[in-house]
>>> print(open('start.pdb').read())   # PDB, C-alpha atoms
MODEL        1
ATOM      1  CA  MET A  28       0.000   0.000   0.000
ATOM      2  CA  TYR A  29       1.262   3.479  -0.884
ATOM      3  CA  SER A  30      -0.224   6.648   0.554
ATOM      4  CA  PHE A  31      -1.256   9.590  -1.610
ATOM      5  CA  LYS A  32      -3.219  11.102   1.302
ATOM      6  CA  SER A  33      -0.837  13.952   2.165
ATOM      7  CA  ASP A  34       2.461  15.656   1.380
ATOM      8  CA  TYR A  35       3.826  15.169   4.892
ATOM      9  CA  SER A  36       3.703  11.366   5.143
ATOM     10  CA  GLU A  37       7.499  11.200   5.002
ATOM     11  CA  GLY A  38       9.892  12.744   7.520
ATOM     12  CA  CYS A  39      12.262  15.305   6.025
ATOM     13  CA  HIS A  40      14.789  15.675   3.256
ATOM     14  CA  PRO A  41      17.989  13.737   4.147
ATOM     15  CA  ARG A  42      20.111  16.892   3.922
ATOM     16  CA  ILE A  43      18.121  18.471   6.757
ATOM     17  CA  LEU A  44      18.446  15.374   8.891
ATOM     18  CA  LYS A  45      22.190  15.219   8.234
ATOM     19  CA  THR A  46      22.689  18.817   9.400
ATOM     20  CA  MET A  47      20.574  18.227  12.498
ATOM     21  CA  VAL A  48      22.726  15.228  13.403
ATOM     22  CA  SER A  49      26.056  16.893  12.666
ATOM     23  CA  SER A  50      25.145  19.949  14.773
ATOM     24  CA  ASN A  51      23.445  17.982  17.537
ATOM     25  CA  LEU A  52      26.078  18.466  20.239
ATOM     26  CA  LEU A  53      26.971  22.029  19.342
ATOM     27  CA  GLN A  54      25.581  24.531  21.817
ATOM     28  CA  SER A  55      23.455  27.451  20.686
ATOM     29  CA  ASP A  56      21.148  30.129  22.056
ATOM     30  CA  GLY A  57      17.466  29.289  22.403
ATOM     31  CA  TYR A  58      14.132  30.741  21.333
ATOM     32  CA  GLY A  59      15.110  31.503  17.741
ATOM     33  CA  LEU A  60      18.192  33.534  18.639
ATOM     34  CA  ASP A  61      20.598  30.801  17.515
ATOM     35  CA  ILE A  62      23.021  31.256  14.626
ATOM     36  CA  TYR A  63      21.114  28.834  12.398
ATOM     37  CA  SER A  64      17.836  30.763  12.675
ATOM     38  CA  GLN A  65      19.567  34.092  12.221
ATOM     39  CA  GLU A  66      21.351  32.881   9.110
ATOM     40  CA  ALA A  67      18.097  31.413   7.749
ATOM     41  CA  ILE A  68      16.360  34.772   8.274
ATOM     42  CA  LYS A  69      19.189  36.533   6.442
ATOM     43  CA  ILE A  70      18.870  34.140   3.491
ATOM     44  CA  LEU A  71      15.072  34.461   3.364
ATOM     45  CA  LYS A  72      15.325  38.238   3.239
ATOM     46  CA  GLN A  73      17.664  37.869   0.285
ATOM     47  CA  ARG A  74      15.311  35.467  -1.485
ATOM     48  CA  LEU A  75      12.376  37.798  -0.903
ATOM     49  CA  ASN A  76      14.503  40.830  -1.865
ATOM     50  CA  TYR A  77      13.008  42.737   1.050
ATOM     51  CA  GLU A  78      14.977  43.785   4.103
ATOM     52  CA  ASN A  79      12.303  45.549   6.182
ATOM     53  CA  ILE A  80      10.435  42.421   7.300
ATOM     54  CA  ASP A  81      10.215  40.394  10.495
ATOM     55  CA  ILE A  82      10.486  36.619  10.218
ATOM     56  CA  HIS A  83       9.436  34.137  12.902
ATOM     57  CA  PHE A  84       9.768  30.356  12.692
ATOM     58  CA  ILE A  85       6.738  28.463  14.026
ATOM     59  CA  SER A  86       6.208  24.728  14.363
ATOM     60  CA  GLY A  87       3.057  24.225  12.262
ATOM     61  CA  GLY A  88       0.453  25.795   9.994
ATOM     62  CA  THR A  89      -2.510  25.864  12.370
ATOM     63  CA  GLN A  90      -0.404  27.426  15.102
ATOM     64  CA  THR A  91       0.955  29.995  12.632
ATOM     65  CA  ASN A  92      -2.522  30.935  11.430
ATOM     66  CA  LEU A  93      -4.044  31.359  14.887
ATOM     67  CA  LEU A  94      -1.014  33.154  16.310
ATOM     68  CA  ALA A  95      -0.799  35.638  13.447
ATOM     69  CA  ILE A  96      -4.509  36.305  13.013
ATOM     70  CA  ALA A  97      -5.276  36.586  16.730
ATOM     71  CA  THR A  98      -2.362  38.972  17.218
ATOM     72  CA  PHE A  99      -3.152  41.154  14.216
ATOM     73  CA  LEU A 100      -6.865  41.689  15.002
ATOM     74  CA  ARG A 101      -8.722  43.726  17.599
ATOM     75  CA  ALA A 102     -11.444  42.020  19.653
ATOM     76  CA  HIS A 103     -14.369  42.954  17.373
ATOM     77  CA  GLU A 104     -12.596  42.180  14.099
ATOM     78  CA  ALA A 105     -13.075  39.105  11.918
ATOM     79  CA  VAL A 106     -11.546  37.145   9.053
ATOM     80  CA  LEU A 107     -12.930  36.509   5.572
ATOM     81  CA  ALA A 108     -12.151  33.096   4.061
ATOM     82  CA  THR A 109     -13.697  30.629   1.630
ATOM     83  CA  TYR A 110     -15.745  27.712   2.908
ATOM     84  CA  GLU A 111     -12.802  25.493   1.872
ATOM     85  CA  GLY A 112     -10.288  27.744   3.640
ATOM     86  CA  HIS A 113      -8.103  25.835   6.068
ATOM     87  CA  ILE A 114      -8.902  28.097   9.025
ATOM     88  CA  TYR A 115     -12.627  27.558   8.453
ATOM     89  CA  ALA A 116     -12.787  23.892   7.453
ATOM     90  CA  ASP A 117      -9.771  22.128   8.939
ATOM     91  CA  GLU A 118      -8.481  23.788  12.106
ATOM     92  CA  CYS A 119     -11.068  22.810  14.744
ATOM     93  CA  GLY A 120     -12.306  26.361  15.259
ATOM     94  CA  SER A 121      -8.861  27.548  16.371
ATOM     95  CA  ILE A 122      -9.426  31.104  15.158
ATOM     96  CA  GLU A 123     -12.855  31.286  16.788
ATOM     97  CA  ALA A 124     -11.312  29.973  20.009
ATOM     98  CA  THR A 125      -9.149  33.111  20.104
ATOM     99  CA  GLY A 126     -12.322  35.240  19.959
ATOM    100  CA  HIS A 127     -12.370  36.099  16.262
ATOM    101  CA  LYS A 128     -15.092  34.977  13.888
ATOM    102  CA  VAL A 129     -14.266  33.470  10.508
ATOM    103  CA  VAL A 130     -16.777  34.698   7.928
ATOM    104  CA  PRO A 131     -16.996  32.184   5.055
ATOM    105  CA  VAL A 132     -17.832  32.920   1.415
ATOM    106  CA  HIS A 133     -18.698  30.540  -1.397
ATOM    107  CA  SER A 134     -16.133  30.050  -4.156
ATOM    108  CA  ASP A 135     -16.240  27.756  -7.180
ATOM    109  CA  ASN A 136     -12.467  27.485  -7.408
ATOM    110  CA  GLY A 137     -11.250  27.846  -3.821
ATOM    111  CA  LYS A 138     -10.077  31.419  -4.363
ATOM    112  CA  ILE A 139     -11.314  34.781  -3.066
ATOM    113  CA  SER A 140     -11.894  37.663  -5.475
ATOM    114  CA  ALA A 141     -12.151  41.404  -4.929
ATOM    115  CA  ALA A 142     -15.860  41.216  -5.792
ATOM    116  CA  MET A 143     -16.421  38.680  -3.006
ATOM    117  CA  ILE A 144     -14.697  40.977  -0.544
ATOM    118  CA  GLU A 145     -16.773  44.008  -1.563
ATOM    119  CA  LYS A 146     -20.016  42.064  -1.151
ATOM    120  CA  ALA A 147     -18.981  40.698   2.246
ATOM    121  CA  LEU A 148     -18.147  44.198   3.452
ATOM    122  CA  ILE A 149     -21.643  45.390   2.494
ATOM    123  CA  ASP A 150     -23.157  42.426   4.351
ATOM    124  CA  HIS A 151     -21.117  43.263   7.485
ATOM    125  CA  SER A 152     -21.299  47.031   7.537
ATOM    126  CA  ASP A 153     -22.645  47.954  10.982
ATOM    127  CA  PRO A 154     -21.659  47.335  14.619
ATOM    128  CA  PHE A 155     -24.374  44.721  15.117
ATOM    129  CA  ASP A 156     -22.073  42.288  13.327
ATOM    130  CA  VAL A 157     -18.344  41.671  13.396
ATOM    131  CA  LYS A 158     -16.096  43.930  11.370
ATOM    132  CA  ILE A 159     -14.179  42.190   8.605
ATOM    133  CA  LYS A 160     -10.570  43.278   8.853
ATOM    134  CA  LEU A 161      -8.395  40.471   7.499
ATOM    135  CA  ILE A 162      -8.638  38.570   4.210
ATOM    136  CA  TYR A 163      -7.292  35.029   4.403
ATOM    137  CA  ILE A 164      -6.183  33.170   1.289
ATOM    138  CA  SER A 165      -4.236  29.977   0.683
ATOM    139  CA  ASN A 166      -1.838  29.602  -2.219
ATOM    140  CA  VAL A 167      -1.999  26.782  -3.315
ATOM    141  CA  SER A 168      -5.708  26.842  -2.374
ATOM    142  CA  GLU A 169      -7.275  23.880  -0.619
ATOM    143  CA  VAL A 170      -8.651  22.670  -3.966
ATOM    144  CA  GLY A 171      -5.325  22.909  -5.763
ATOM    145  CA  THR A 172      -5.839  26.186  -7.607
ATOM    146  CA  ILE A 173      -3.216  28.928  -7.999
ATOM    147  CA  TYR A 174      -3.516  32.705  -7.657
ATOM    148  CA  THR A 175      -2.172  34.716 -10.589
ATOM    149  CA  LYS A 176      -0.259  37.973 -10.196
ATOM    150  CA  LYS A 177      -3.263  39.848 -11.622
ATOM    151  CA  GLU A 178      -5.594  38.303  -9.035
ATOM    152  CA  LEU A 179      -3.233  39.141  -6.192
ATOM    153  CA  GLN A 180      -2.905  42.722  -7.391
ATOM    154  CA  GLU A 181      -6.689  43.051  -7.473
ATOM    155  CA  LEU A 182      -6.867  41.743  -3.911
ATOM    156  CA  ARG A 183      -4.145  44.159  -2.806
ATOM    157  CA  THR A 184      -5.932  47.105  -4.409
ATOM    158  CA  CYS A 185      -9.235  46.116  -2.794
ATOM    159  CA  CYS A 186      -7.609  45.736   0.634
ATOM    160  CA  ASP A 187      -5.882  49.108   0.364
ATOM    161  CA  LYS A 188      -9.146  50.743  -0.654
ATOM    162  CA  ASN A 189     -11.008  49.270   2.318
ATOM    163  CA  ASP A 190      -8.242  49.352   4.947
ATOM    164  CA  LEU A 191      -8.025  45.566   5.160
ATOM    165  CA  LEU A 192      -5.158  43.218   5.952
ATOM    166  CA  LEU A 193      -4.210  40.593   3.358
ATOM    167  CA  PHE A 194      -2.761  37.383   4.794
ATOM    168  CA  MET A 195      -1.583  34.323   2.888
ATOM    169  CA  ASP A 196      -1.423  30.775   4.201
ATOM    170  CA  GLY A 197       1.609  29.439   2.343
ATOM    171  CA  ALA A 198       1.554  25.855   3.555
ATOM    172  CA  ARG A 199       1.948  24.786  -0.083
ATOM    173  CA  LEU A 200       3.615  27.952  -1.357
ATOM    174  CA  GLY A 201       6.386  25.934  -2.973
ATOM    175  CA  SER A 202       3.868  24.111  -5.132
ATOM    176  CA  ALA A 203       2.284  27.409  -6.157
ATOM    177  CA  LEU A 204       5.578  29.043  -7.102
ATOM    178  CA  THR A 205       6.699  26.077  -9.214
ATOM    179  CA  SER A 206       3.365  25.430 -10.921
ATOM    180  CA  THR A 207       3.522  25.522 -14.711
ATOM    181  CA  ILE A 208       0.812  28.215 -14.785
ATOM    182  CA  ASN A 209       2.321  30.403 -12.056
ATOM    183  CA  ASP A 210       3.528  33.948 -12.781
ATOM    184  CA  VAL A 211       4.261  35.000  -9.177
ATOM    185  CA  SER A 212       7.788  34.945  -7.737
ATOM    186  CA  PHE A 213       9.280  35.159  -4.255
ATOM    187  CA  ILE A 214      10.121  38.818  -4.760
ATOM    188  CA  ASP A 215       6.458  39.646  -5.463
ATOM    189  CA  LEU A 216       5.177  38.381  -2.116
ATOM    190  CA  CYS A 217       6.178  41.239   0.169
ATOM    191  CA  HIS A 218       4.529  43.713  -2.216
ATOM    192  CA  PHE A 219       1.167  41.908  -2.181
ATOM    193  CA  PHE A 220       0.755  40.794   1.436
ATOM    194  CA  ASP A 221       0.763  42.396   4.865
ATOM    195  CA  ALA A 222       1.868  39.046   6.243
ATOM    196  CA  PHE A 223       2.268  35.508   4.925
ATOM    197  CA  TYR A 224       4.065  32.316   5.715
ATOM    198  CA  ILE A 225       6.366  30.008   3.819
ATOM    199  CA  GLY A 226       5.409  26.395   4.435
ATOM    200  CA  GLY A 227       8.087  23.874   5.292
ATOM    201  CA  THR A 228       6.092  20.999   6.785
ATOM    202  CA  LYS A 229       4.555  20.092   3.412
ATOM    203  CA  ASN A 230       7.714  20.666   1.402
ATOM    204  CA  GLY A 231      10.644  18.722   2.767
ATOM    205  CA  ALA A 232      10.952  19.974   6.359
ATOM    206  CA  LEU A 233      10.401  17.746   9.361
ATOM    207  CA  PHE A 234       8.129  20.509  10.655
ATOM    208  CA  GLY A 235       7.945  24.275  10.559
ATOM    209  CA  GLU A 236       6.671  27.396   8.824
ATOM    210  CA  ALA A 237       8.297  30.799   8.362
ATOM    211  CA  LEU A 238       5.937  33.671   9.181
ATOM    212  CA  VAL A 239       6.865  36.870   7.334
ATOM    213  CA  ILE A 240       5.434  40.149   8.670
ATOM    214  CA  VAL A 241       5.648  42.978   6.146
ATOM    215  CA  LYS A 242       3.344  45.693   7.483
ATOM    216  CA  ASP A 243       5.116  47.787  10.100
ATOM    217  CA  ASP A 244       2.017  48.193  12.294
ATOM    218  CA  LEU A 245       1.872  44.412  12.832
ATOM    219  CA  LYS A 246       5.457  43.981  14.003
ATOM    220  CA  PRO A 247       5.637  45.547  17.499
ATOM    221  CA  ASP A 248       5.427  43.129  20.426
ATOM    222  CA  PHE A 249       4.842  40.103  18.202
ATOM    223  CA  ARG A 250       7.433  38.092  20.141
ATOM    224  CA  TYR A 251       5.354  38.634  23.287
ATOM    225  CA  ALA A 252       2.327  37.019  21.629
ATOM    226  CA  TYR A 253       4.624  34.406  20.112
ATOM    227  CA  LYS A 254       5.763  33.371  23.583
ATOM    228  CA  GLN A 255       2.421  33.809  25.357
ATOM    229  CA  ARG A 256       0.614  31.430  23.017
ATOM    230  CA  GLY A 257       3.205  28.704  23.405
ATOM    231  CA  ALA A 258       4.592  28.956  19.884
ATOM    232  CA  MET A 259       8.184  29.867  20.759
ATOM    233  CA  LEU A 260      10.344  26.733  20.737
ATOM    234  CA  ALA A 261      13.149  26.686  23.298
ATOM    235  CA  LYS A 262      15.221  24.690  20.809
ATOM    236  CA  GLY A 263      14.447  27.058  17.966
ATOM    237  CA  ARG A 264      17.589  25.894  16.201
ATOM    238  CA  LEU A 265      15.603  22.890  14.958
ATOM    239  CA  LEU A 266      13.488  25.259  12.867
ATOM    240  CA  GLY A 267      16.374  27.473  11.811
ATOM    241  CA  ILE A 268      18.437  24.547  10.548
ATOM    242  CA  GLN A 269      15.590  23.366   8.359
ATOM    243  CA  PHE A 270      14.935  26.703   6.678
ATOM    244  CA  TYR A 271      18.652  27.316   6.272
ATOM    245  CA  GLU A 272      19.003  24.020   4.399
ATOM    246  CA  LEU A 273      15.869  24.568   2.310
ATOM    247  CA  PHE A 274      16.853  28.061   1.193
ATOM    248  CA  LYS A 275      20.647  28.227   1.080
ATOM    249  CA  ASP A 276      20.259  27.046  -2.526
ATOM    250  CA  LYS A 277      17.314  25.943  -4.703
ATOM    251  CA  LEU A 278      16.306  22.928  -2.627
ATOM    252  CA  TYR A 279      12.933  24.347  -1.542
ATOM    253  CA  LEU A 280      11.789  25.018  -5.100
ATOM    254  CA  ASP A 281      13.350  21.815  -6.458
ATOM    255  CA  LEU A 282      11.393  19.702  -3.979
ATOM    256  CA  ALA A 283       8.123  21.468  -4.783
ATOM    257  CA  ASN A 284       8.764  21.204  -8.501
ATOM    258  CA  HIS A 285       9.257  17.453  -8.183
ATOM    259  CA  ALA A 286       5.950  17.061  -6.317
ATOM    260  CA  ASN A 287       4.158  19.053  -9.018
ATOM    261  CA  LYS A 288       5.687  16.991 -11.833
ATOM    262  CA  MET A 289       4.578  13.751 -10.211
ATOM    263  CA  ALA A 290       1.062  15.147  -9.751
ATOM    264  CA  MET A 291       0.798  16.289 -13.362
ATOM    265  CA  ILE A 292       1.750  12.818 -14.603
ATOM    266  CA  ILE A 293      -1.091  11.405 -12.490
ATOM    267  CA  LYS A 294      -3.480  14.078 -13.742
ATOM    268  CA  GLU A 295      -2.694  13.325 -17.382
ATOM    269  CA  ALA A 296      -3.162   9.606 -16.797
ATOM    270  CA  PHE A 297      -6.648  10.115 -15.387
ATOM    271  CA  LEU A 298      -7.579  12.450 -18.258
ATOM    272  CA  LYS A 299      -6.151  10.059 -20.863
ATOM    273  CA  ASN A 300      -8.365   7.309 -19.474
ATOM    274  CA  ASN A 301     -11.474   9.513 -19.653
ATOM    275  CA  TYR A 302     -11.814  10.352 -15.974
ATOM    276  CA  ARG A 303     -13.230  13.764 -15.108
ATOM    277  CA  LEU A 304     -11.605  16.108 -12.611
ATOM    278  CA  LEU A 305     -13.438  17.970  -9.846
ATOM    279  CA  TYR A 306     -10.959  20.871 -10.117
ATOM    280  CA  ASP A 307      -8.453  21.772 -12.802
ATOM    281  CA  SER A 308      -5.399  21.770 -10.567
ATOM    282  CA  TYR A 309      -1.839  22.502 -11.661
ATOM    283  CA  SER A 310      -0.392  21.801  -8.216
ATOM    284  CA  ASN A 311       0.509  18.700  -6.242
ATOM    285  CA  LEU A 312      -3.183  18.172  -5.360
ATOM    286  CA  GLN A 313      -5.293  16.275  -7.888
ATOM    287  CA  PHE A 314      -9.035  15.586  -7.681
ATOM    288  CA  PRO A 315     -10.154  12.815 -10.069
ATOM    289  CA  ILE A 316     -13.762  11.658 -10.117
ATOM    290  CA  ILE A 317     -13.926   7.871  -9.845
ATOM    291  CA  PRO A 318     -16.942   5.615 -10.432
ATOM    292  CA  ASN A 319     -18.061   4.194  -7.117
ATOM    293  CA  HIS A 320     -17.638   0.590  -8.258
ATOM    294  CA  LEU A 321     -13.932   1.223  -8.891
ATOM    295  CA  LEU A 322     -13.121   2.878  -5.565
ATOM    296  CA  SER A 323     -12.445  -0.420  -3.810
ATOM    297  CA  LYS A 324     -10.089  -1.503  -6.601
ATOM    298  CA  PHE A 325      -7.976   1.628  -6.266
ATOM    299  CA  SER A 326      -8.101   1.222  -2.485
ATOM    300  CA  GLU A 327      -6.472  -2.195  -2.704
ATOM    301  CA  LYS A 328      -3.093  -0.593  -3.494
ATOM    302  CA  TYR A 329      -3.332   3.091  -2.589
ATOM    303  CA  TYR A 330      -4.468   5.340   0.222
ATOM    304  CA  PHE A 331      -6.200   8.563  -0.868
ATOM    305  CA  ASN A 332      -8.786  11.019   0.442
ATOM    306  CA  ILE A 333     -12.503  10.774  -0.261
ATOM    307  CA  ILE A 334     -13.707  14.334  -0.957
ATOM    308  CA  LYS A 335     -17.400  14.110  -1.799
ATOM    309  CA  LYS A 336     -20.060  12.304  -3.801
ATOM    310  CA  VAL A 337     -20.473  13.960  -7.174
ATOM    311  CA  ASP A 338     -23.640  12.009  -7.976
ATOM    312  CA  ASP A 339     -25.150   8.602  -7.217
ATOM    313  CA  ASN A 340     -22.512   6.798  -9.257
ATOM    314  CA  ASN A 341     -19.323   8.822  -8.853
ATOM    315  CA  THR A 342     -17.099  10.111  -6.051
ATOM    316  CA  ALA A 343     -14.404  12.791  -6.113
ATOM    317  CA  VAL A 344     -11.160  11.816  -4.411
ATOM    318  CA  ARG A 345      -7.841  13.545  -3.743
ATOM    319  CA  PHE A 346      -4.377  12.291  -4.648
ATOM    320  CA  VAL A 347      -1.457  14.251  -3.141
ATOM    321  CA  THR A 348       2.164  13.944  -4.207
ATOM    322  CA  SER A 349       5.168  15.046  -2.170
ATOM    323  CA  TRP A 350       8.837  15.915  -2.514
ATOM    324  CA  ALA A 351       9.536  12.227  -1.799
ATOM    325  CA  THR A 352       7.038  10.634  -4.195
ATOM    326  CA  THR A 353       9.066   8.407  -6.514
ATOM    327  CA  GLU A 354       8.721   8.124 -10.272
ATOM    328  CA  GLU A 355       8.454   4.356  -9.839
ATOM    329  CA  ILE A 356       5.305   4.502  -7.718
ATOM    330  CA  VAL A 357       3.774   7.109 -10.034
ATOM    331  CA  LYS A 358       4.428   4.878 -13.061
ATOM    332  CA  GLU A 359       2.781   2.016 -11.182
ATOM    333  CA  LEU A 360      -0.279   4.159 -10.440
ATOM    334  CA  VAL A 361      -0.441   5.350 -14.064
ATOM    335  CA  ASN A 362      -0.405   1.726 -15.202
ATOM    336  CA  ASP A 363      -3.147   0.816 -12.736
ATOM    337  CA  ILE A 364      -5.288   3.772 -13.895
ATOM    338  CA  SER A 365      -5.293   2.289 -17.393
ATOM    339  CA  LEU A 366      -5.981  -1.260 -16.170
ATOM    340  CA  ILE A 367      -8.663  -0.696 -13.536
ATOM    341  CA  LYS A 368     -11.962  -0.695 -15.387
TER
ENDMDL
END
>>> encode(input="start.pdb", output="structure tokens")
Amino acid sequence: MYSFKSDYSEGCHPRILKTMVSSNLLQSDGYGLDIYSQEAIKILKQRLNYENIDIHFISGGTQTNLLAIATFLRAHEAVLATYEGHIYADECGSIEATGHKVVPVHSDNGKISAAMIEKALIDHSDPFDVKIKLIYISNVSEVGTIYTKKELQELRTCCDKNDLLLFMDGARLGSALTSTINDVSFIDLCHFFDAFYIGGTKNGALFGEALVIVKDDLKPDFRYAYKQRGAMLAKGRLLGIQFYELFKDKLYLDLANHANKMAMIIKEAFLKNNYRLLYDSYSNLQFPIIPNHLLSKFSEKYYFNIIKKVDDNNTAVRFVTSWATTEEIVKELVNDISLIK
């Protein structure tokens, strides 16, 4: 059995593990003040081509989202996200538990548009409801879609017009940046977002995300909130080492590019064999629609996610590839796609 359920089924890239082992008995400062974290921050600023940013390494995506959003908002302020958005659908009400409502909007492709924002602001325009202050997007979205530079610019313009914060969940940012249809680069990110994070957990790291705070008003006292909410690792070096290794060269993008290539091979195989797709994804998430009577046959060799029933006879599923997905297993799946009838 091989699992296509997630892109964090494996541990971490061997190079990261090697550096962790080789530096294991070397002493360092704690709480992110170690030389590894400081060097990783320096490299990330170079990659982003933006010096005036604060960068904090945090253990996971849910913790990064709740820490950032809860710290950035005042008590009466809320977040706008799609119904598929990770903070609304997959984080056990973590944002709401901090006292901030997540206002969901419908989206056919997992993405938020400026028009959706404008409508939501009209619907929440008096003090009898929460005040929408922060726009949450994921890139790659939860349904595998990618934001274009034009779409991000429209969001930025809308947020500036309405005094809103724009925050990006970058758990799968590597997949977005290396997608064949992507036109956004690392150096664009600080110009579009008030804050965002670079995901490591789903792209070769053992764990960890890098939160980047761009807007000056959001920076003061963040380390206090960082510590108060239990997000500050004493052995912060473990995060710094990982981001240093991922970004000291092209490893981060190379790993994401590999995951995307494996996913596109799977996508083409399903299309070639006349399967429909729930979403037209150019990322490492693929959503084929499989006849119900064939689900058990695929399940004999592979683990994957059941997404939803499309109709009485068909079910949409999700196949996820990772930095460690081998060409051999993908070829085997491609062969099985053509044989299972």
>>> axis_aligned_box(input="start.pdb", around="range 173-184 of chain A", padding_each_side="4 Å", output="JSON")
{"center_x": -3.6, "center_y": 38.0, "center_z": -7.2, "size_x": 14.6, "size_y": 26.2, "size_z": 16.8}
>>> residues_around(input="start.pdb", residues="Leu191 in chain A", least_positions_apart="6", cutoff="8 Å", atoms="all atoms listed in the file", output="VMD selection string")
chain A and resid 159 to 162
>>> closest_atom_pairs(input="start.pdb", of="range 155-246 of chain A", to="range 295-310 of chain A", cutoff="8 Å", atoms="all atoms listed in the file", output="tab-separated table")
residue	atom	partner	partner_atom	distance
A:Val167	CA	A:Ser310	CA	7.2
A:Val170	CA	A:Tyr306	CA	6.8
A:Gly171	CA	A:Ser308	CA	4.9
A:Thr172	CA	A:Ser308	CA	5.3
A:Ile173	CA	A:Tyr309	CA	7.5
A:Ser202	CA	A:Ser310	CA	5.7
A:Ala203	CA	A:Ser310	CA	6.5
A:Ser206	CA	A:Ser310	CA	5.9
A:Thr207	CA	A:Tyr309	CA	6.9
A:Ile208	CA	A:Tyr309	CA	7.0
>>> residues_near_point(input="start.pdb", point="(5.6, 43.4, 18.2)", cutoff="12 Å", atoms="all atoms listed in the file", output="PyMOL selection string")
chain A and resi 80-83+95+98-99+240+242-254
>>> atom_distance(input="start.pdb", atom1="CA of Asp34 in chain A", atom2="CA of Ala286 in chain A")
8.6 Å
>>> closest_residue(input="start.pdb", among="A:Tyr174, A:Tyr163, A:Phe155, A:Phe325", to="Asp210 in chain A", atoms="all atoms listed in the file")
A:Tyr174
>>> residues_near_point(input="start.pdb", point="(15.1, 25.3, 11.5)", cutoff="10 Å", atoms="only C-alpha atoms", output="PyMOL selection string")
chain A and resi 43+47+59+61+63-65+67+84-86+227+232-237+262-273
>>> resolve_selection(input="start.pdb", expression="the PyMOL selection byres ((chain A and resi 186) around 10)", output="PyMOL selection string")
chain A and resi 141+144-145+160-162+180-185+187-193+219-221
>>> atom_distance(input="start.pdb", atom1="CA of Phe346 in chain A", atom2="CA of Val361 in chain A")
12.3 Å
>>> atom_distance(input="start.pdb", atom1="CA of Leu321 in chain A", atom2="CA of Ser349 in chain A")
24.5 Å
>>> closest_residue(input="start.pdb", among="A:Arg256, A:Arg199, A:His113, A:Lys45", to="Thr125 in chain A", atoms="only C-alpha atoms")
A:Arg256
>>> closest_residue(input="start.pdb", among="A:Val357, A:Val48, A:Ala261, A:Ile225", to="His285 in chain A", atoms="all atoms listed in the file")
A:Val357
>>> closest_residue(input="start.pdb", among="A:Met195, A:Leu53, A:Ile149, A:Leu216", to="Leu75 in chain A", atoms="all atoms listed in the file")
A:Leu216
>>> resolve_selection(input="start.pdb", expression="the PyMOL selection byres ((chain A and resi 74) around 10)", output="tab-separated table (two decimals) with C-alpha atoms, keeping the file's coordinate frame")
chain	number	residue	atom	x	y	z
A	68	ILE	CA	16.36	34.77	8.27
A	69	LYS	CA	19.19	36.53	6.44
A	70	ILE	CA	18.87	34.14	3.49
A	71	LEU	CA	15.07	34.46	3.36
A	72	LYS	CA	15.32	38.24	3.24
A	73	GLN	CA	17.66	37.87	0.28
A	75	LEU	CA	12.38	37.80	-0.90
A	76	ASN	CA	14.50	40.83	-1.86
A	77	TYR	CA	13.01	42.74	1.05
A	212	SER	CA	7.79	34.94	-7.74
A	213	PHE	CA	9.28	35.16	-4.26
A	214	ILE	CA	10.12	38.82	-4.76
A	274	PHE	CA	16.85	28.06	1.19
A	275	LYS	CA	20.65	28.23	1.08
A	276	ASP	CA	20.26	27.05	-2.53
>>> resolve_selection(input="start.pdb", expression="the PyMOL selection byres ((chain A and resi 201) around 7)", output="list in words")
Arg199, Leu200, Ser202, Ala203, Leu204, Thr205, Asn230, Tyr279, Leu280 and Ala283 of chain A
>>> residues_around(input="start.pdb", residues="range 30-32 of chain A", least_positions_apart="2", cutoff="6 Å", atoms="all atoms listed in the file", output="PyMOL selection string")
chain A and resi 329-332+346-347
>>> closest_residue(input="start.pdb", among="A:Asn362, A:His151, A:Ile139, A:Ile367", to="Ser326 in chain A", atoms="only C-alpha atoms")
A:Ile367
>>> residues_around(input="start.pdb", residues="Ser134 in chain A", least_positions_apart="3", cutoff="8 Å", atoms="only C-alpha atoms", output="list in words")
Thr109, Tyr110, Gly137, Lys138 and Ile139 of chain A
>>> write_last_selection(input="start.pdb", atoms="C-alpha atoms", output="PDB file, in the coordinates of the input")
ATOM      1  CA  THR A 109     -13.697  30.629   1.630  1.00  0.00           C
ATOM      2  CA  TYR A 110     -15.745  27.712   2.908  1.00  0.00           C
ATOM      3  CA  GLY A 137     -11.250  27.846  -3.821  1.00  0.00           C
ATOM      4  CA  LYS A 138     -10.077  31.419  -4.363  1.00  0.00           C
ATOM      5  CA  ILE A 139     -11.314  34.781  -3.066  1.00  0.00           C
TER       6      ILE A 139
END
>>> residues_around(input="start.pdb", residues="Gly88 in chain A", least_positions_apart="5", cutoff="9 Å", atoms="all atoms listed in the file", output="MDAnalysis selection string")
chainID A and resid 93 196:198 224 226 228 235:236
>>> write_last_selection(input="start.pdb", atoms="C-alpha atoms", output="PDB file, in the coordinates of the input")
ATOM      1  CA  LEU A  93      -4.044  31.359  14.887  1.00  0.00           C
ATOM      2  CA  ASP A 196      -1.423  30.775   4.201  1.00  0.00           C
ATOM      3  CA  GLY A 197       1.609  29.439   2.343  1.00  0.00           C
ATOM      4  CA  ALA A 198       1.554  25.855   3.555  1.00  0.00           C
ATOM      5  CA  TYR A 224       4.065  32.316   5.715  1.00  0.00           C
ATOM      6  CA  GLY A 226       5.409  26.395   4.435  1.00  0.00           C
ATOM      7  CA  THR A 228       6.092  20.999   6.785  1.00  0.00           C
ATOM      8  CA  GLY A 235       7.945  24.275  10.559  1.00  0.00           C
ATOM      9  CA  GLU A 236       6.671  27.396   8.824  1.00  0.00           C
TER      10      GLU A 236
END
>>> closest_residue(input="start.pdb", among="A:Glu359, A:Tyr29, A:Trp350, A:Asp338", to="Leu278 in chain A", atoms="only C-alpha atoms")
A:Trp350
